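Next comes data-v3.txt, a file with compact mmCIF, C-alpha atoms and all ligand atoms.
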# COMPACT_ATOMS: atom_id res chain seq x y z
CA MET Q 1 12.84 2.86 6.15
CA ASP Q 2 13.97 3.70 2.64
CA PRO Q 3 11.84 2.79 -0.40
CA ALA Q 4 14.22 0.01 -1.49
CA PHE Q 5 13.82 -1.64 1.94
CA HIS Q 6 10.03 -1.58 1.62
CA ILE Q 7 10.21 -2.94 -1.94
CA VAL Q 8 12.37 -5.90 -0.89
CA SER Q 9 10.14 -6.49 2.18
CA GLY Q 10 7.07 -6.68 -0.06
CA MET Q 11 8.79 -9.08 -2.45
CA VAL Q 12 9.84 -11.33 0.44
CA ILE Q 13 6.32 -11.41 1.94
CA ALA Q 14 4.65 -12.05 -1.45
CA LYS Q 15 7.13 -14.82 -2.28
CA ALA Q 16 6.81 -16.43 1.16
CA LEU Q 17 2.99 -16.43 1.15
CA THR Q 18 2.09 -16.98 -2.51
CA GLY Q 19 5.34 -17.97 -4.26
CA ASP Q 20 4.57 -15.24 -6.81
CA HIS Q 21 3.25 -11.65 -7.19
CA LEU Q 22 6.61 -10.04 -6.33
CA VAL Q 23 5.89 -6.81 -8.25
CA ALA Q 24 2.45 -6.37 -6.66
CA GLY Q 25 3.95 -7.09 -3.24
CA ALA Q 26 6.71 -4.52 -3.81
CA LEU Q 27 4.19 -1.89 -4.92
CA MET Q 28 1.86 -2.47 -1.97
CA ALA Q 29 4.73 -2.47 0.54
CA ASN Q 30 5.82 0.88 -0.82
CA LEU Q 31 2.33 2.42 -1.23
CA PRO Q 32 2.54 4.97 1.64
CA ASP Q 33 5.79 6.35 0.22
CA LEU Q 34 4.54 6.25 -3.38
CA ILE Q 35 1.85 8.66 -2.21
CA SER Q 36 3.88 10.89 0.10
CA VAL Q 37 7.45 10.96 -1.25
CA PRO Q 38 6.76 12.88 -4.52
CA PHE Q 39 4.97 15.58 -2.52
CA SER Q 40 7.74 15.53 0.10
CA TYR Q 41 10.49 16.10 -2.46
CA THR Q 42 8.45 18.83 -4.18
CA VAL Q 43 8.07 20.71 -0.88
CA LYS Q 44 11.73 20.25 0.09
CA PHE Q 45 12.88 21.37 -3.36
CA ARG Q 46 10.71 24.48 -3.05
CA LEU Q 47 12.01 25.35 0.45
CA ALA Q 48 15.72 24.66 -0.05
CA ARG Q 49 17.95 27.65 -0.82
CA LYS Q 50 18.85 27.83 -4.48
CA ASP Q 51 21.55 30.53 -4.52
CA ARG Q 52 24.35 27.92 -4.42
CA LEU Q 53 24.41 24.19 -5.06
CA THR Q 54 26.15 23.59 -1.70
CA HIS Q 55 23.36 25.50 0.12
CA PHE Q 56 20.71 23.56 -1.74
CA LEU Q 57 22.32 20.20 -0.92
CA SER Q 58 22.91 21.06 2.74
CA ASP Q 59 19.30 22.26 3.15
CA PHE Q 60 17.98 19.13 1.47
CA LYS Q 61 20.18 16.90 3.65
CA ARG Q 62 19.00 18.75 6.79
CA PHE Q 63 15.35 18.32 5.75
CA GLU Q 64 15.95 14.60 5.20
CA GLN Q 65 17.91 13.88 8.38
CA SER Q 66 16.41 16.14 11.05
CA GLY Q 67 13.08 14.36 11.40
CA ILE Q 68 11.52 17.83 11.72
CA ALA Q 69 8.50 18.76 9.62
CA VAL Q 70 9.26 21.38 6.99
CA SER Q 71 5.57 22.09 6.31
CA PRO Q 72 2.20 21.23 7.91
CA ASP Q 73 0.82 20.23 4.48
CA LEU Q 74 3.61 17.70 4.07
CA MET Q 75 2.82 16.19 7.48
CA ARG Q 76 -0.85 15.85 6.54
CA VAL Q 77 0.04 14.00 3.33
CA TYR Q 78 2.75 11.91 5.02
CA HIS Q 79 0.69 10.79 8.01
CA GLY Q 80 -2.44 10.55 5.84
CA ALA Q 81 -0.70 7.80 3.88
CA HIS Q 82 0.97 6.19 6.94
CA ASN Q 83 -1.87 5.11 9.26
CA LEU Q 84 -4.06 2.11 10.04
CA PHE Q 85 -7.28 3.71 8.72
CA PHE Q 86 -5.79 4.17 5.25
CA TRP Q 87 -4.40 0.62 5.46
CA ALA Q 88 -7.90 -0.70 6.37
CA ILE Q 89 -9.51 1.12 3.41
CA VAL Q 90 -6.89 -0.28 1.02
CA SER Q 91 -7.23 -3.78 2.52
CA ILE Q 92 -11.04 -3.79 2.17
CA SER Q 93 -10.66 -2.60 -1.44
CA LEU Q 94 -8.19 -5.44 -2.10
CA LEU Q 95 -10.60 -7.99 -0.58
CA VAL Q 96 -13.41 -6.75 -2.83
CA ALA Q 97 -11.24 -6.86 -5.97
CA LEU Q 98 -8.99 -9.91 -5.55
CA PRO Q 99 -9.13 -13.53 -4.34
CA PRO Q 100 -8.78 -13.52 -0.52
CA PRO Q 101 -5.33 -15.19 -0.30
CA LEU Q 102 -3.79 -12.62 -2.66
CA ALA Q 103 -5.70 -9.71 -1.08
CA ILE Q 104 -4.52 -10.70 2.41
CA THR Q 105 -0.94 -11.11 1.19
CA LEU Q 106 -0.91 -7.64 -0.40
CA SER Q 107 -2.56 -6.19 2.70
CA LEU Q 108 0.26 -7.67 4.80
CA CYS Q 109 2.82 -6.17 2.40
CA HIS Q 110 1.21 -2.76 2.98
CA LEU Q 111 1.12 -3.35 6.76
CA SER Q 112 4.84 -4.22 6.73
CA HIS Q 113 5.53 -0.62 5.68
CA LEU Q 114 3.77 0.77 8.75
CA LEU Q 115 5.48 -1.72 11.07
CA THR Q 116 9.01 -1.16 9.77
CA ASP Q 117 8.55 2.61 9.90
CA VAL Q 118 7.93 2.48 13.68
CA HIS Q 119 11.58 1.95 14.67
CA SER Q 120 13.04 3.93 11.74
CA HIS Q 121 11.36 7.32 12.12
CA GLU Q 122 11.40 9.91 14.88
CA LYS Q 123 10.20 13.37 15.90
CA ASP Q 124 7.60 14.75 13.47
CA TYR Q 125 7.89 11.64 11.27
CA ALA Q 126 7.35 9.18 14.16
CA SER Q 127 4.55 6.72 13.42
CA ARG Q 128 1.03 7.94 14.16
CA PRO Q 129 -0.97 4.73 13.63
CA LEU Q 130 -4.37 6.25 14.46
CA TYR Q 131 -3.92 9.51 12.51
CA PRO Q 132 -6.04 11.59 11.85
CA LEU Q 133 -8.35 10.59 14.73
CA PHE Q 134 -5.51 10.62 17.28
CA THR Q 135 -2.28 12.46 16.55
CA SER Q 136 -0.16 10.90 19.31
CA SER Q 137 2.92 9.15 17.96
CA ILE Q 138 4.99 6.10 18.91
CA SER Q 139 8.25 7.28 20.41
CA GLY Q 140 11.58 5.46 20.58
CA GLY Q 141 12.35 5.21 16.87
CA ARG Q 142 15.46 6.65 15.25
CA ASN Q 143 15.61 8.22 11.81
CA TRP Q 144 16.98 5.75 9.25
CA THR Q 145 18.57 8.59 7.26
CA SER Q 146 20.85 9.55 10.15
CA ASN Q 147 21.14 6.44 12.37
CA LYS Q 148 23.53 3.82 10.96
CA LEU Q 149 22.46 1.11 13.44
CA VAL Q 150 18.81 1.41 12.37
CA PHE Q 151 19.70 1.49 8.67
CA PHE Q 152 22.29 -1.30 8.53
CA GLY Q 153 20.66 -3.40 11.28
CA SER Q 154 17.31 -3.38 9.47
CA TRP Q 155 18.86 -4.12 6.08
CA GLY Q 156 21.03 -6.88 7.55
CA LEU Q 157 18.04 -8.62 9.10
CA LEU Q 158 15.95 -8.22 5.94
CA LEU Q 159 18.70 -9.60 3.70
CA ILE Q 160 19.11 -12.67 5.93
CA ILE Q 161 15.34 -13.32 5.71
CA ALA Q 162 15.34 -12.57 1.94
CA PHE Q 163 18.21 -15.04 1.41
CA PHE Q 164 16.12 -17.90 2.79
CA VAL Q 165 12.81 -16.84 1.20
CA LEU Q 166 13.83 -15.65 -2.26
CA LEU Q 167 16.64 -18.11 -3.07
ZN ZN S 201 7.06 5.42 4.69
Render the structure in this file as structure tokens.
Amino acid sequence: MDPAFHIVSGMVIAKALTGDHLVAGALMANLPDLISVPFSYTVKFRLARKDRLTHFLSDFKRFEQSGIAVSPDLMRVYHGAHNLFFWAIVSISLLVALPPPLAITLSLCHLSHLLTDVHSHEKDYASRPLYPLFTSSISGGRNWTSNKLVFFGSWGLLLIIAFFVLL
């Protein structure tokens, strides 16, 4: 899902489990994208045609909506930040550094990113939970950038949950 969705998800989880730590929850829920999105936009900016603004925008939109990898390096960074091994390393680090209730909460915020990306990504961006050991992906998801049902359905459900948790 989009970064804003992950941010709100993290805030909802942190509020529900600790009553506090909304910023930390938002950061941890968005961690995989904080790592991969800057690199992703750099690669897409480099590859998009720059002779006309309309070409640039249409290339960028195609890169965003197709679900097709534009570069192998980007896929390594993207899936390197979106897998259960990276989540486990981060979670162990949190447990070493923080009191267990907070560490577990932030770990769950991070895990929420991986779970909500399963139904909202497809093709080359489909979730690969055991990357890099196994590169097989979970099929059945639809890209949130092009599928309105996935985008609005996910946001609708999250906002209903957020209404009861945050207010
Ligand atoms: Zn992501």
Per-residue nearest contacts chain Q to ligand ZN 201 (chain S), cut-off 9 Å, using all atoms listed in the file, as JSON lines:
{"residue": "Q:Met1", "atom": "CA", "partner": "S:ZN201", "partner_atom": "ZN", "distance": 6.5}
{"residue": "Q:Asp2", "atom": "CA", "partner": "S:ZN201", "partner_atom": "ZN", "distance": 7.4}
{"residue": "Q:Pro3", "atom": "CA", "partner": "S:ZN201", "partner_atom": "ZN", "distance": 7.5}
{"residue": "Q:His6", "atom": "CA", "partner": "S:ZN201", "partner_atom": "ZN", "distance": 8.2}
{"residue": "Q:Asn30", "atom": "CA", "partner": "S:ZN201", "partner_atom": "ZN", "distance": 7.2}
{"residue": "Q:Leu31", "atom": "CA", "partner": "S:ZN201", "partner_atom": "ZN", "distance": 8.1}
{"residue": "Q:Pro32", "atom": "CA", "partner": "S:ZN201", "partner_atom": "ZN", "distance": 5.5}
{"residue": "Q:Asp33", "atom": "CA", "partner": "S:ZN201", "partner_atom": "ZN", "distance": 4.7}
{"residue": "Q:Leu34", "atom": "CA", "partner": "S:ZN201", "partner_atom": "ZN", "distance": 8.5}
{"residue": "Q:Ser36", "atom": "CA", "partner": "S:ZN201", "partner_atom": "ZN", "distance": 7.8}
{"residue": "Q:Val37", "atom": "CA", "partner": "S:ZN201", "partner_atom": "ZN", "distance": 8.1}
{"residue": "Q:Tyr78", "atom": "CA", "partner": "S:ZN201", "partner_atom": "ZN", "distance": 7.8}
{"residue": "Q:His79", "atom": "CA", "partner": "S:ZN201", "partner_atom": "ZN", "distance": 9.0}
{"residue": "Q:Ala81", "atom": "CA", "partner": "S:ZN201", "partner_atom": "ZN", "distance": 8.2}
{"residue": "Q:His82", "atom": "CA", "partner": "S:ZN201", "partner_atom": "ZN", "distance": 6.5}
{"residue": "Q:His113", "atom": "CA", "partner": "S:ZN201", "partner_atom": "ZN", "distance": 6.3}
{"residue": "Q:Leu114", "atom": "CA", "partner": "S:ZN201", "partner_atom": "ZN", "distance": 7.0}
{"residue": "Q:Thr116", "atom": "CA", "partner": "S:ZN201", "partner_atom": "ZN", "distance": 8.5}
{"residue": "Q:Asp117", "atom": "CA", "partner": "S:ZN201", "partner_atom": "ZN", "distance": 6.1}
{"residue": "Q:His121", "atom": "CA", "partner": "S:ZN201", "partner_atom": "ZN", "distance": 8.8}
- Message: Just want the 12 Å neighbourhood of Leu27 in chain Q, counted on all atoms listed in the file, with same-chain residues fewer than 5 positions away dropped. Output as a ChimeraX atom specification.
- Response: /Q:3-11,13-14,21-22,32-35,106-110,112-113
- Task: Can you work out which one of Q:Glu122, Q:Asp73, Q:Asp59, Q:Glu64 has the shortest atom-to-atom distance to Ser139 in chain Q, counting all atoms listed in the file?
- Result: Q:Glu122
- So what do you get for CA of Lys148 in chain Q versus CA of Gln65 in chain Q, distance-wise?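 CA of Gln65 in chain Q lies 11.8 Å from CA of Lys148 in chain Q.
For the atom pair formed by CA of Met28 in chain Q and CA of Val96 in chain Q, the distance is 15.9 Å, given to one decimal.
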- Task: Identify which of the residues Q:Leu111, Q:Leu84, Q:Ala126, Q:Met75 lies closest to Trp144 in chain Q, counting only C-alpha atoms when measuring atom-to-atom distances.
- Result: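 Ranked by minimum distance to Trp144 in chain Q, first place goes to Q:Ala126.
Minimum atom-to-atom distances from Q:Arg128, Q:Arg49, Q:Lys15, Q:Arg142 to Phe86 in chain Q were compared using all atoms listed in the file, and the lowest value belongs to Q:Arg128.
The space between CA of Asn143 in chain Q and CA of Tyr41 in chain Q spans 17.1 Å.
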- If we count all atoms listed in the file, what is near Leu47 in chain Q at a cut-off of 9 Å, once residues fewer than 3 positions away on the same chain are taken out, given as a PyMOL selection string? chain Q and resi 42-44+50+59-60+70
- Go through Q:Leu98, Q:Ser58, Q:Arg46, Q:Thr105 one by one, measure the shortest atom-to-atom distance of each to Ala29 in chain Q using all atoms listed in the file, and give the residue with the smallest value.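 For Ala29 in chain Q, the nearest of the given residues is Q:Thr105.
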- Query: Using only C-alpha atoms, which residue out of Q:Phe45, Q:Leu167, Q:Leu94, Q:Pro38 lies closest to Lys61 in chain Q?
  - Reply: Q:Phe45
